[in-house]
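For reference, data_2.cif is printed below; it contains mmCIF, C-alpha atoms.
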data_query
#
loop_
_atom_site.group_PDB
_atom_site.id
_atom_site.type_symbol
_atom_site.label_atom_id
_atom_site.label_comp_id
_atom_site.auth_asym_id
_atom_site.auth_seq_id
_atom_site.Cartn_x
_atom_site.Cartn_y
_atom_site.Cartn_z
ATOM 1 C CA MET A 365 -45.154 -118.005 -113.770
ATOM 2 C CA ASP A 366 -44.707 -121.193 -115.750
ATOM 3 C CA SER A 367 -41.931 -121.883 -118.280
ATOM 4 C CA GLU A 368 -44.119 -120.905 -121.240
ATOM 5 C CA SER A 369 -44.905 -117.530 -119.670
ATOM 6 C CA TRP A 370 -41.216 -116.751 -119.081
ATOM 7 C CA MET A 371 -40.323 -117.796 -122.596
ATOM 8 C CA GLY A 372 -43.218 -115.717 -123.964
ATOM 9 C CA LYS A 373 -41.765 -112.710 -122.154
ATOM 10 C CA ALA A 374 -38.306 -113.407 -123.615
ATOM 11 C CA ILE A 375 -39.762 -113.685 -127.117
ATOM 12 C CA GLU A 376 -41.545 -110.355 -126.711
ATOM 13 C CA LEU A 377 -38.227 -108.751 -125.631
ATOM 14 C CA ALA A 378 -36.496 -110.224 -128.696
ATOM 15 C CA ARG A 379 -39.129 -108.751 -131.008
ATOM 16 C CA GLU A 380 -38.936 -105.336 -129.309
ATOM 17 C CA ASN A 381 -35.135 -105.457 -129.695
ATOM 18 C CA VAL A 382 -35.497 -105.773 -133.475
ATOM 19 C CA ARG A 383 -38.102 -103.001 -133.671
ATOM 20 C CA ALA A 384 -35.902 -100.669 -131.572
ATOM 21 C CA GLY A 385 -32.865 -101.370 -133.783
ATOM 22 C CA ARG A 386 -30.685 -102.349 -130.841
ATOM 23 C CA GLY A 387 -29.420 -105.613 -132.343
ATOM 24 C CA GLY A 388 -30.368 -109.116 -133.442
ATOM 25 C CA PRO A 389 -33.659 -110.960 -132.716
ATOM 26 C CA PHE A 390 -32.542 -112.559 -129.457
ATOM 27 C CA ALA A 391 -33.371 -112.148 -125.748
ATOM 28 C CA ALA A 392 -32.660 -114.062 -122.539
ATOM 29 C CA LEU A 393 -33.904 -114.055 -118.949
ATOM 30 C CA VAL A 394 -32.404 -115.364 -115.713
ATOM 31 C CA VAL A 395 -35.038 -116.498 -113.208
ATOM 32 C CA LYS A 396 -34.451 -117.533 -109.591
ATOM 33 C CA ASP A 397 -37.036 -118.819 -107.115
ATOM 34 C CA GLY A 398 -39.832 -117.844 -109.495
ATOM 35 C CA ALA A 399 -38.684 -114.216 -109.836
ATOM 36 C CA LEU A 400 -36.942 -112.389 -112.684
ATOM 37 C CA LEU A 401 -33.313 -111.707 -111.752
ATOM 38 C CA ALA A 402 -32.087 -110.202 -115.032
ATOM 39 C CA SER A 403 -32.882 -109.874 -118.704
ATOM 40 C CA GLY A 404 -30.747 -109.196 -121.755
ATOM 41 C CA THR A 405 -31.101 -108.653 -125.468
ATOM 42 C CA ASN A 406 -28.602 -108.768 -128.298
ATOM 43 C CA LEU A 407 -26.751 -105.416 -128.305
ATOM 44 C CA VAL A 408 -23.829 -106.260 -130.614
ATOM 45 C CA THR A 409 -24.323 -103.582 -133.253
ATOM 46 C CA SER A 410 -25.650 -100.807 -130.993
ATOM 47 C CA THR A 411 -22.784 -101.128 -128.467
ATOM 48 C CA ASN A 412 -19.989 -102.272 -130.831
ATOM 49 C CA ASP A 413 -19.460 -105.300 -128.602
ATOM 50 C CA PRO A 414 -19.350 -108.691 -130.356
ATOM 51 C CA THR A 415 -19.800 -110.409 -126.981
ATOM 52 C CA ALA A 416 -23.066 -108.587 -126.188
ATOM 53 C CA HIS A 417 -25.319 -111.524 -126.993
ATOM 54 C CA ALA A 418 -28.564 -111.746 -125.023
ATOM 55 C CA GLU A 419 -27.339 -114.566 -122.764
ATOM 56 C CA ILE A 420 -24.031 -112.847 -121.946
ATOM 57 C CA VAL A 421 -25.823 -109.562 -121.149
ATOM 58 C CA ALA A 422 -28.345 -111.379 -118.916
ATOM 59 C CA ILE A 423 -25.728 -113.550 -117.149
ATOM 60 C CA ARG A 424 -23.505 -110.555 -116.376
ATOM 61 C CA GLU A 425 -26.488 -108.603 -115.020
ATOM 62 C CA ALA A 426 -27.740 -111.563 -112.953
ATOM 63 C CA CYS A 427 -24.275 -112.095 -111.441
ATOM 64 C CA ARG A 428 -24.078 -108.405 -110.563
ATOM 65 C CA ALA A 429 -27.490 -108.682 -108.873
ATOM 66 C CA LEU A 430 -26.399 -111.765 -106.899
ATOM 67 C CA GLY A 431 -22.858 -110.545 -106.172
ATOM 68 C CA SER A 432 -21.612 -113.927 -107.347
ATOM 69 C CA PHE A 433 -19.865 -115.404 -110.390
ATOM 70 C CA GLN A 434 -22.170 -118.423 -110.200
ATOM 71 C CA LEU A 435 -25.893 -118.732 -111.009
ATOM 72 C CA ALA A 436 -26.637 -121.610 -108.615
ATOM 73 C CA GLY A 437 -30.317 -122.523 -108.599
ATOM 74 C CA CYS A 438 -31.154 -120.245 -111.523
ATOM 75 C CA GLU A 439 -33.032 -120.984 -114.743
ATOM 76 C CA VAL A 440 -31.982 -119.390 -118.032
ATOM 77 C CA TYR A 441 -34.602 -118.756 -120.723
ATOM 78 C CA THR A 442 -33.220 -117.877 -124.147
ATOM 79 C CA THR A 443 -35.104 -117.364 -127.386
ATOM 80 C CA CYS A 444 -32.503 -119.352 -129.351
ATOM 81 C CA GLU A 445 -30.172 -122.271 -128.682
ATOM 82 C CA PRO A 446 -27.062 -120.526 -127.344
ATOM 83 C CA CYS A 447 -24.089 -120.132 -129.700
ATOM 84 C CA PRO A 448 -20.785 -121.683 -128.509
ATOM 85 C CA MET A 449 -19.789 -118.412 -126.824
ATOM 86 C CA CYS A 450 -23.015 -118.250 -124.837
ATOM 87 C CA MET A 451 -23.073 -121.992 -124.168
ATOM 88 C CA GLY A 452 -19.582 -121.662 -122.719
ATOM 89 C CA ALA A 453 -20.709 -118.740 -120.549
ATOM 90 C CA ILE A 454 -23.646 -120.834 -119.311
ATOM 91 C CA TYR A 455 -21.324 -123.666 -118.286
ATOM 92 C CA TRP A 456 -19.023 -121.242 -116.471
ATOM 93 C CA ALA A 457 -22.013 -119.641 -114.666
ATOM 94 C CA ARG A 458 -23.530 -123.067 -113.860
ATOM 95 C CA PRO A 459 -27.288 -122.376 -113.723
ATOM 96 C CA ALA A 460 -29.562 -125.301 -112.821
ATOM 97 C CA ARG A 461 -31.423 -125.462 -116.117
ATOM 98 C CA LEU A 462 -31.777 -123.909 -119.578
ATOM 99 C CA TYR A 463 -34.837 -123.410 -121.780
ATOM 100 C CA TYR A 464 -34.456 -122.383 -125.432
ATOM 101 C CA ALA A 465 -36.866 -121.761 -128.327
ATOM 102 C CA GLY A 466 -35.182 -121.627 -131.782
ATOM 103 C CA THR A 467 -32.248 -123.804 -132.845
ATOM 104 C CA ARG A 468 -28.792 -123.051 -134.255
ATOM 105 C CA ALA A 469 -30.153 -124.075 -137.687
ATOM 106 C CA ASP A 470 -33.039 -121.603 -137.360
ATOM 107 C CA ALA A 471 -30.496 -118.855 -136.532
ATOM 108 C CA ALA A 472 -28.342 -119.840 -139.519
ATOM 109 C CA ARG A 473 -31.333 -119.508 -141.845
ATOM 110 C CA VAL A 474 -31.681 -115.802 -140.939
ATOM 111 C CA GLY A 475 -27.982 -115.072 -141.351
ATOM 112 C CA PHE A 476 -26.302 -115.771 -137.996
ATOM 113 C CA ASP A 477 -23.073 -117.800 -137.752
ATOM 114 C CA ASP A 478 -24.035 -120.044 -134.811
ATOM 115 C CA ALA A 479 -24.004 -123.335 -136.758
ATOM 116 C CA TYR A 480 -20.767 -122.408 -138.576
ATOM 117 C CA ILE A 481 -19.032 -121.610 -135.262
ATOM 118 C CA TYR A 482 -20.161 -124.960 -133.814
ATOM 119 C CA GLU A 483 -18.595 -126.648 -136.862
ATOM 120 C CA GLN A 484 -15.365 -124.668 -136.453
ATOM 121 C CA ILE A 485 -15.100 -125.559 -132.756
ATOM 122 C CA GLU A 486 -15.402 -129.258 -133.626
ATOM 123 C CA THR A 487 -12.643 -128.839 -136.251
ATOM 124 C CA PRO A 488 -9.042 -129.535 -135.100
ATOM 125 C CA VAL A 489 -7.364 -126.283 -134.038
ATOM 126 C CA GLU A 490 -4.778 -126.514 -136.842
ATOM 127 C CA ALA A 491 -7.506 -126.752 -139.517
ATOM 128 C CA ARG A 492 -9.688 -123.791 -138.495
ATOM 129 C CA ALA A 493 -10.738 -120.932 -140.799
ATOM 130 C CA ILE A 494 -8.995 -118.439 -138.471
ATOM 131 C CA PRO A 495 -5.303 -119.496 -138.407
ATOM 132 C CA MET A 496 -4.322 -120.595 -134.889
ATOM 133 C CA THR A 497 -0.694 -121.099 -133.923
ATOM 134 C CA GLN A 498 0.721 -122.454 -130.671
ATOM 135 C CA LEU A 499 3.895 -120.910 -129.278
ATOM 136 C CA MET A 500 5.692 -120.642 -125.940
ATOM 137 C CA ARG A 501 3.661 -123.293 -124.115
ATOM 138 C CA GLU A 502 6.322 -123.340 -121.359
ATOM 139 C CA GLY A 503 5.406 -119.722 -120.505
ATOM 140 C CA ALA A 504 1.758 -120.679 -119.949
ATOM 141 C CA LEU A 505 2.879 -123.603 -117.800
ATOM 142 C CA ALA A 506 4.968 -121.204 -115.680
ATOM 143 C CA ALA A 507 1.865 -119.030 -115.113
ATOM 144 C CA PHE A 508 -0.167 -122.137 -114.241
ATOM 145 C CA ALA A 509 2.544 -123.265 -111.773
ATOM 146 C CA GLU A 510 2.339 -119.856 -110.121
ATOM 147 C CA TRP A 511 -1.436 -120.358 -109.815
ATOM 148 C CA GLU A 512 -0.981 -123.820 -108.280
ATOM 149 C CA ARG A 513 1.485 -122.482 -105.705
ATOM 150 C CA LYS A 514 -0.799 -119.595 -104.664
ATOM 151 C CA SER A 515 -2.305 -120.543 -101.307
ATOM 152 C CA ASP A 516 -5.064 -117.886 -101.090
ATOM 153 C CA LYS A 517 -6.540 -118.277 -104.584
ATOM 154 C CA ILE A 518 -10.280 -118.271 -105.265
ATOM 155 C CA GLN A 519 -10.987 -121.292 -107.477
ATOM 156 C CA TYR A 520 -13.937 -121.588 -109.810
ATOM 157 C CA MET B 441 7.743 -106.716 -132.044
ATOM 158 C CA ASP B 442 7.666 -110.357 -133.114
ATOM 159 C CA SER B 443 5.089 -112.954 -132.070
ATOM 160 C CA GLU B 444 7.281 -114.308 -129.255
ATOM 161 C CA SER B 445 7.674 -110.832 -127.766
ATOM 162 C CA TRP B 446 3.924 -110.235 -127.737
ATOM 163 C CA MET B 447 3.287 -113.638 -126.222
ATOM 164 C CA GLY B 448 6.001 -113.012 -123.629
ATOM 165 C CA LYS B 449 4.202 -109.812 -122.648
ATOM 166 C CA ALA B 450 0.894 -111.702 -122.352
ATOM 167 C CA ILE B 451 2.517 -114.365 -120.158
ATOM 168 C CA GLU B 452 3.953 -111.689 -117.869
ATOM 169 C CA LEU B 453 0.460 -110.142 -117.538
ATOM 170 C CA ALA B 454 -0.990 -113.568 -116.678
ATOM 171 C CA ARG B 455 1.584 -114.078 -113.923
ATOM 172 C CA GLU B 456 0.982 -110.576 -112.518
ATOM 173 C CA ASN B 457 -2.754 -111.292 -112.515
ATOM 174 C CA VAL B 458 -2.209 -114.300 -110.236
ATOM 175 C CA ARG B 459 0.113 -112.374 -107.911
ATOM 176 C CA ALA B 460 -2.384 -109.483 -107.663
ATOM 177 C CA GLY B 461 -5.244 -111.874 -106.848
ATOM 178 C CA ARG B 462 -7.448 -110.539 -109.638
ATOM 179 C CA GLY B 463 -8.316 -113.933 -111.117
ATOM 180 C CA GLY B 464 -6.986 -116.980 -112.958
ATOM 181 C CA PRO B 465 -3.577 -117.318 -114.682
ATOM 182 C CA PHE B 466 -4.669 -116.041 -118.079
ATOM 183 C CA ALA B 467 -4.044 -112.939 -120.205
ATOM 184 C CA ALA B 468 -4.717 -111.873 -123.795
ATOM 185 C CA LEU B 469 -3.633 -109.066 -126.121
ATOM 186 C CA VAL B 470 -5.134 -107.655 -129.309
ATOM 187 C CA VAL B 471 -2.511 -106.287 -131.703
ATOM 188 C CA LYS B 472 -3.154 -104.322 -134.894
ATOM 189 C CA ASP B 473 -0.556 -103.076 -137.393
ATOM 190 C CA GLY B 474 2.222 -103.936 -134.967
ATOM 191 C CA ALA B 475 0.757 -101.917 -132.072
ATOM 192 C CA LEU B 476 -1.033 -103.003 -128.910
ATOM 193 C CA LEU B 477 -4.744 -102.207 -129.177
ATOM 194 C CA ALA B 478 -5.985 -103.779 -125.927
ATOM 195 C CA SER B 479 -5.054 -106.223 -123.201
ATOM 196 C CA GLY B 480 -7.121 -108.263 -120.774
ATOM 197 C CA THR B 481 -6.650 -110.642 -117.875
ATOM 198 C CA ASN B 482 -9.011 -113.070 -116.201
ATOM 199 C CA LEU B 483 -11.166 -111.040 -113.773
ATOM 200 C CA VAL B 484 -13.891 -113.609 -112.988
ATOM 201 C CA THR B 485 -13.541 -113.765 -109.220
ATOM 202 C CA SER B 486 -12.596 -110.130 -108.589
ATOM 203 C CA THR B 487 -15.511 -108.733 -110.628
ATOM 204 C CA ASN B 488 -18.078 -111.515 -110.033
ATOM 205 C CA ASP B 489 -18.411 -111.895 -113.793
ATOM 206 C CA PRO B 490 -18.123 -115.452 -115.162
ATOM 207 C CA THR B 491 -17.663 -114.011 -118.675
ATOM 208 C CA ALA B 492 -14.613 -111.906 -117.701
ATOM 209 C CA HIS B 493 -12.056 -114.230 -119.260
ATOM 210 C CA ALA B 494 -8.896 -112.594 -120.588
ATOM 211 C CA GLU B 495 -9.927 -112.901 -124.248
ATOM 212 C CA ILE B 496 -13.426 -111.462 -123.646
ATOM 213 C CA VAL B 497 -12.007 -108.532 -121.651
ATOM 214 C CA ALA B 498 -9.418 -107.817 -124.379
ATOM 215 C CA ILE B 499 -11.880 -108.184 -127.281
ATOM 216 C CA ARG B 500 -14.422 -105.843 -125.654
ATOM 217 C CA GLU B 501 -11.710 -103.252 -124.976
ATOM 218 C CA ALA B 502 -10.261 -103.548 -128.500
ATOM 219 C CA CYS B 503 -13.716 -103.105 -130.055
ATOM 220 C CA ARG B 504 -14.308 -100.031 -127.885
ATOM 221 C CA ALA B 505 -10.959 -98.634 -129.078
ATOM 222 C CA LEU B 506 -11.833 -99.290 -132.731
ATOM 223 C CA GLY B 507 -15.505 -98.274 -132.465
ATOM 224 C CA SER B 508 -16.368 -101.509 -134.255
ATOM 225 C CA PHE B 509 -17.817 -104.918 -133.413
ATOM 226 C CA GLN B 510 -15.250 -106.536 -135.700
ATOM 227 C CA LEU B 511 -11.489 -106.992 -135.240
ATOM 228 C CA ALA B 512 -10.569 -107.026 -138.938
ATOM 229 C CA GLY B 513 -6.813 -107.269 -139.477
ATOM 230 C CA CYS B 514 -6.078 -107.870 -135.785
ATOM 231 C CA GLU B 515 -4.003 -110.578 -134.122
ATOM 232 C CA VAL B 516 -5.061 -112.078 -130.797
ATOM 233 C CA TYR B 517 -2.399 -113.417 -128.421
ATOM 234 C CA THR B 518 -3.712 -115.524 -125.554
ATOM 235 C CA THR B 519 -1.752 -117.433 -122.933
ATOM 236 C CA CYS B 520 -4.056 -120.451 -123.232
ATOM 237 C CA GLU B 521 -6.110 -122.100 -125.952
ATOM 238 C CA PRO B 522 -9.434 -120.247 -125.668
ATOM 239 C CA CYS B 523 -12.327 -122.036 -123.940
ATOM 240 C CA PRO B 524 -15.506 -122.482 -126.027
ATOM 241 C CA MET B 525 -16.892 -119.165 -124.749
ATOM 242 C CA CYS B 526 -13.785 -117.265 -125.824
ATOM 243 C CA MET B 527 -13.392 -119.232 -129.062
ATOM 244 C CA GLY B 528 -16.971 -118.275 -129.907
ATOM 245 C CA ALA B 529 -16.218 -114.629 -129.118
ATOM 246 C CA ILE B 530 -13.151 -114.784 -131.387
ATOM 247 C CA TYR B 531 -15.232 -116.121 -134.277
ATOM 248 C CA TRP B 532 -17.830 -113.384 -133.762
ATOM 249 C CA ALA B 533 -15.095 -110.694 -133.641
ATOM 250 C CA ARG B 534 -13.294 -112.191 -136.680
ATOM 251 C CA PRO B 535 -9.623 -111.283 -136.096
ATOM 252 C CA ALA B 536 -7.126 -112.313 -138.779
ATOM 253 C CA ARG B 537 -5.109 -114.700 -136.637
ATOM 254 C CA LEU B 538 -4.759 -116.232 -133.162
ATOM 255 C CA TYR B 539 -1.666 -117.252 -131.188
ATOM 256 C CA TYR B 540 -2.004 -119.334 -128.007
ATOM 257 C CA ALA B 541 0.473 -120.854 -125.531
ATOM 258 C CA GLY B 542 -1.046 -123.504 -123.211
ATOM 259 C CA THR B 543 -3.717 -126.012 -124.250
ATOM 260 C CA ARG B 544 -7.168 -126.906 -122.903
ATOM 261 C CA ALA B 545 -5.549 -130.010 -121.332
ATOM 262 C CA ASP B 546 -2.936 -127.854 -119.571
ATOM 263 C CA ALA B 547 -5.765 -125.675 -118.177
ATOM 264 C CA ALA B 548 -7.684 -128.764 -117.034
ATOM 265 C CA ARG B 549 -4.642 -129.993 -115.109
ATOM 266 C CA VAL B 550 -4.695 -126.852 -112.938
ATOM 267 C CA GLY B 551 -8.434 -127.033 -112.262
ATOM 268 C CA PHE B 552 -10.175 -125.154 -115.083
ATOM 269 C CA ASP B 553 -13.194 -126.619 -116.901
ATOM 270 C CA ASP B 554 -12.150 -125.810 -120.483
ATOM 271 C CA ALA B 555 -11.777 -129.422 -121.655
ATOM 272 C CA TYR B 556 -15.011 -130.469 -119.911
ATOM 273 C CA ILE B 557 -16.964 -127.650 -121.576
ATOM 274 C CA TYR B 558 -15.573 -128.659 -124.995
ATOM 275 C CA GLU B 559 -16.844 -132.199 -124.307
ATOM 276 C CA GLN B 560 -20.256 -130.893 -123.241
ATOM 277 C CA ILE B 561 -20.593 -128.750 -126.370
ATOM 278 C CA GLU B 562 -19.911 -131.787 -128.549
ATOM 279 C CA THR B 563 -22.568 -133.765 -126.614
ATOM 280 C CA PRO B 564 -26.131 -133.696 -128.064
ATOM 281 C CA VAL B 565 -28.170 -130.930 -126.395
ATOM 282 C CA GLU B 566 -30.592 -133.442 -124.835
ATOM 283 C CA ALA B 567 -27.733 -135.329 -123.107
ATOM 284 C CA ARG B 568 -25.904 -132.399 -121.488
ATOM 285 C CA ALA B 569 -25.035 -132.137 -117.773
ATOM 286 C CA ILE B 570 -27.115 -128.924 -117.527
ATOM 287 C CA PRO B 571 -30.679 -129.931 -118.523
ATOM 288 C CA MET B 572 -31.708 -128.119 -121.710
ATOM 289 C CA THR B 573 -35.316 -128.079 -122.882
ATOM 290 C CA GLN B 574 -36.734 -126.680 -126.105
ATOM 291 C CA LEU B 575 -40.097 -124.931 -126.023
ATOM 292 C CA MET B 576 -42.059 -122.441 -128.130
ATOM 293 C CA ARG B 577 -39.845 -122.622 -131.219
ATOM 294 C CA GLU B 578 -42.595 -120.859 -133.182
ATOM 295 C CA GLY B 579 -42.070 -117.742 -131.024
ATOM 296 C CA ALA B 580 -38.395 -117.607 -131.961
ATOM 297 C CA LEU B 581 -39.329 -118.035 -135.606
ATOM 298 C CA ALA B 582 -41.709 -115.073 -135.317
ATOM 299 C CA ALA B 583 -38.868 -112.923 -133.938
ATOM 300 C CA PHE B 584 -36.587 -114.124 -136.753
ATOM 301 C CA ALA B 585 -39.272 -113.296 -139.342
ATOM 302 C CA GLU B 586 -39.484 -109.786 -137.899
ATOM 303 C CA TRP B 587 -35.689 -109.521 -138.313
ATOM 304 C CA GLU B 588 -35.873 -110.703 -141.930
ATOM 305 C CA ARG B 589 -38.571 -108.145 -142.752
ATOM 306 C CA LYS B 590 -36.623 -105.251 -141.209
ATOM 307 C CA SER B 591 -35.169 -103.223 -144.060
ATOM 308 C CA ASP B 592 -32.684 -101.047 -142.109
ATOM 309 C CA LYS B 593 -31.048 -103.763 -140.030
ATOM 310 C CA ILE B 594 -27.285 -103.895 -139.389
ATOM 311 C CA GLN B 595 -26.189 -107.468 -140.142
ATOM 312 C CA TYR B 596 -23.128 -109.129 -138.681
#

Conversion result in structure tokens:
Amino acid sequence: MDSESWMGKAIELARENVRAGRGGPFAALVVKDGALLASGTNLVTSTNDPTAHAEIVAIREACRALGSFQLAGCEVYTTCEPCPMCMGAIYWARPARLYYAGTRADAARVGFDDAYIYEQIETPVEARAIPMTQLMREGALAAFAEWERKSDKIQY
Amino acid sequence: MDSESWMGKAIELARENVRAGRGGPFAALVVKDGALLASGTNLVTSTNDPTAHAEIVAIREACRALGSFQLAGCEVYTTCEPCPMCMGAIYWARPARLYYAGTRADAARVGFDDAYIYEQIETPVEARAIPMTQLMREGALAAFAEWERKSDKIQY
């Protein structure tokens, strides 16, 4: 299947997700070697999970299928430019390539906070809308030192 | 308990997580009305889930406990400045306040990609290290139009 066919399938899933009342108008697929590895739709309101965006659902399912925390060689198709949460998840999972349809501005126009969250993330931590306070940095450094000393750790 | 006591508890969980070999040196708590609602540690390598950062694990558990996709009135304590994925999740969950100990630069010094992913997210989509291609925007807009027409939708 070509890229347009995969994206067409993702768009159909997004529309079905709205009709079924499972969540927002978003879906994502993970494809490897020309085959569908996993799909996901937005399930935030039906599962009471604010992290259940289509990309997160699909990435978690694809990693389960592969038995790996990395999506090496995979393509991700998503019906909208990923929000910062999902973009972060994509970088941690490290697929080979991403295809997206709508933009963060398109999502904002139908009521989703994607563009606002991008703005907040580019705002200095001390000036964010959610108050963010640093304390006890030395405790975090002690945990990091313990990590550095651990000889049998699995890095990622 | 005061903020330092909660953060001290989170730091202890982060250190235990390293010793137990469950994942990276990170932990997070969600506190509401002075009581612990949920805790989470980094479980990426032990669960093969790249999204299982401490904050995501704690937010999902706290939302399950509350039966809500929002963390209204909650405080989040995390042993490190959240990565873009977790910062996005925090904005979607909308807690009242965040406390953090280490910074993205501290995390980078012990081998975690947080600072790099922040840089990538501030890079134009077409210039990112993971190739990102837009196609079929009109399909996304059709899904969004279906969402806008839906009269019984749950917005968030």

Residue hits in chain A, query chain B, radius 7 Å, only C-alpha atoms, as number ranges by chain: A: 375, 378-379, 382, 385, 389, 408-409, 412-415, 424, 427-428, 431-433, 443-444, 448-453, 455-457, 460-466, 474, 481, 494-501, 503-505, 507-508, 510-512, 517-518

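Note that atom CA of B:Ala468 and atom CA of B:Glu495 are 5.3 Å apart.
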
Report, as AutoDock Vina command-line options, the centre and edge lengths in Å (one decimal) of the axis-aligned box enclosing every listed atom of stretch 448-457 of chain A, padded by 8 Å on each side.
--center_x -21.3 --center_y -121.0 --center_z -121.6 --size_x 20.6 --size_y 21.4 --size_z 29.8

Skip A:Ser403 itself and residues of its chain fewer than 2 positions away, then list as a short mmCIF file (atom, residue, chain, number, x, y, z; two decimals) with C-alpha atoms, keeping the file's coordinate frame all residues within 7 Å of it, counting only C-alpha atoms.
data_model
loop_
_atom_site.label_atom_id
_atom_site.label_comp_id
_atom_site.auth_asym_id
_atom_site.auth_seq_id
_atom_site.Cartn_x
_atom_site.Cartn_y
_atom_site.Cartn_z
CA ALA A 392 -32.66 -114.06 -122.54
CA LEU A 393 -33.90 -114.06 -118.95
CA VAL A 394 -32.40 -115.36 -115.71
CA ALA A 422 -28.34 -111.38 -118.92
#

Residues in the PyMOL selection byres ((chain A and resi 398) around 12), expressed as a PyMOL selection string: chain A and resi 365-367+369-370+393-397+399-401+437-440

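Each of B:Lys449, B:Pro522, B:Thr481, B:Arg589 was checked against B:Ala545 using all atoms listed in the file; the smallest atom-to-atom distance is that of B:Pro522.
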
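Taking atom CA of B:Ala555 and atom CA of A:Glu490 as endpoints, the distance between them is 17.0 Å.
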
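Put simply, atom CA of B:Asn482 is 23.6 Å away from atom CA of B:Ala512.
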
Emit stretch 461-472 of chain A of the structure in the block as a file comprising N, CA and C atoms, as a short mmCIF file (atom, residue, chain, number, x, y, z; two decimals), in the first residue's frame.
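Now in decode_28.cif:
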data_model
loop_
_atom_site.label_atom_id
_atom_site.label_comp_id
_atom_site.auth_asym_id
_atom_site.auth_seq_id
_atom_site.Cartn_x
_atom_site.Cartn_y
_atom_site.Cartn_z
N ARG A 461 10.13 7.44 10.14
CA ARG A 461 9.47 8.50 9.36
C ARG A 461 8.06 8.73 9.89
N LEU A 462 7.57 9.95 9.70
CA LEU A 462 6.21 10.31 10.13
C LEU A 462 5.46 10.97 8.98
N TYR A 463 4.21 10.59 8.80
CA TYR A 463 3.30 11.27 7.87
C TYR A 463 2.14 11.83 8.68
N TYR A 464 1.74 13.07 8.38
CA TYR A 464 0.60 13.66 9.09
C TYR A 464 -0.30 14.39 8.10
N ALA A 465 -1.57 14.58 8.47
CA ALA A 465 -2.53 15.21 7.55
C ALA A 465 -2.85 16.64 8.00
N GLY A 466 -3.64 16.83 9.04
CA GLY A 466 -3.96 18.18 9.53
C GLY A 466 -2.80 18.80 10.29
N THR A 467 -2.91 20.08 10.59
CA THR A 467 -1.86 20.78 11.34
C THR A 467 -2.36 21.16 12.75
N ARG A 468 -1.41 21.61 13.58
CA ARG A 468 -1.79 22.06 14.93
C ARG A 468 -2.80 23.21 14.87
N ALA A 469 -2.71 24.04 13.82
CA ALA A 469 -3.66 25.17 13.68
C ALA A 469 -5.05 24.64 13.31
N ASP A 470 -5.08 23.61 12.46
CA ASP A 470 -6.38 22.99 12.12
C ASP A 470 -7.02 22.42 13.39
N ALA A 471 -6.22 21.76 14.24
CA ALA A 471 -6.75 21.18 15.48
C ALA A 471 -7.27 22.27 16.41
N ALA A 472 -6.52 23.38 16.48
CA ALA A 472 -6.93 24.50 17.34
C ALA A 472 -8.29 25.04 16.90
#
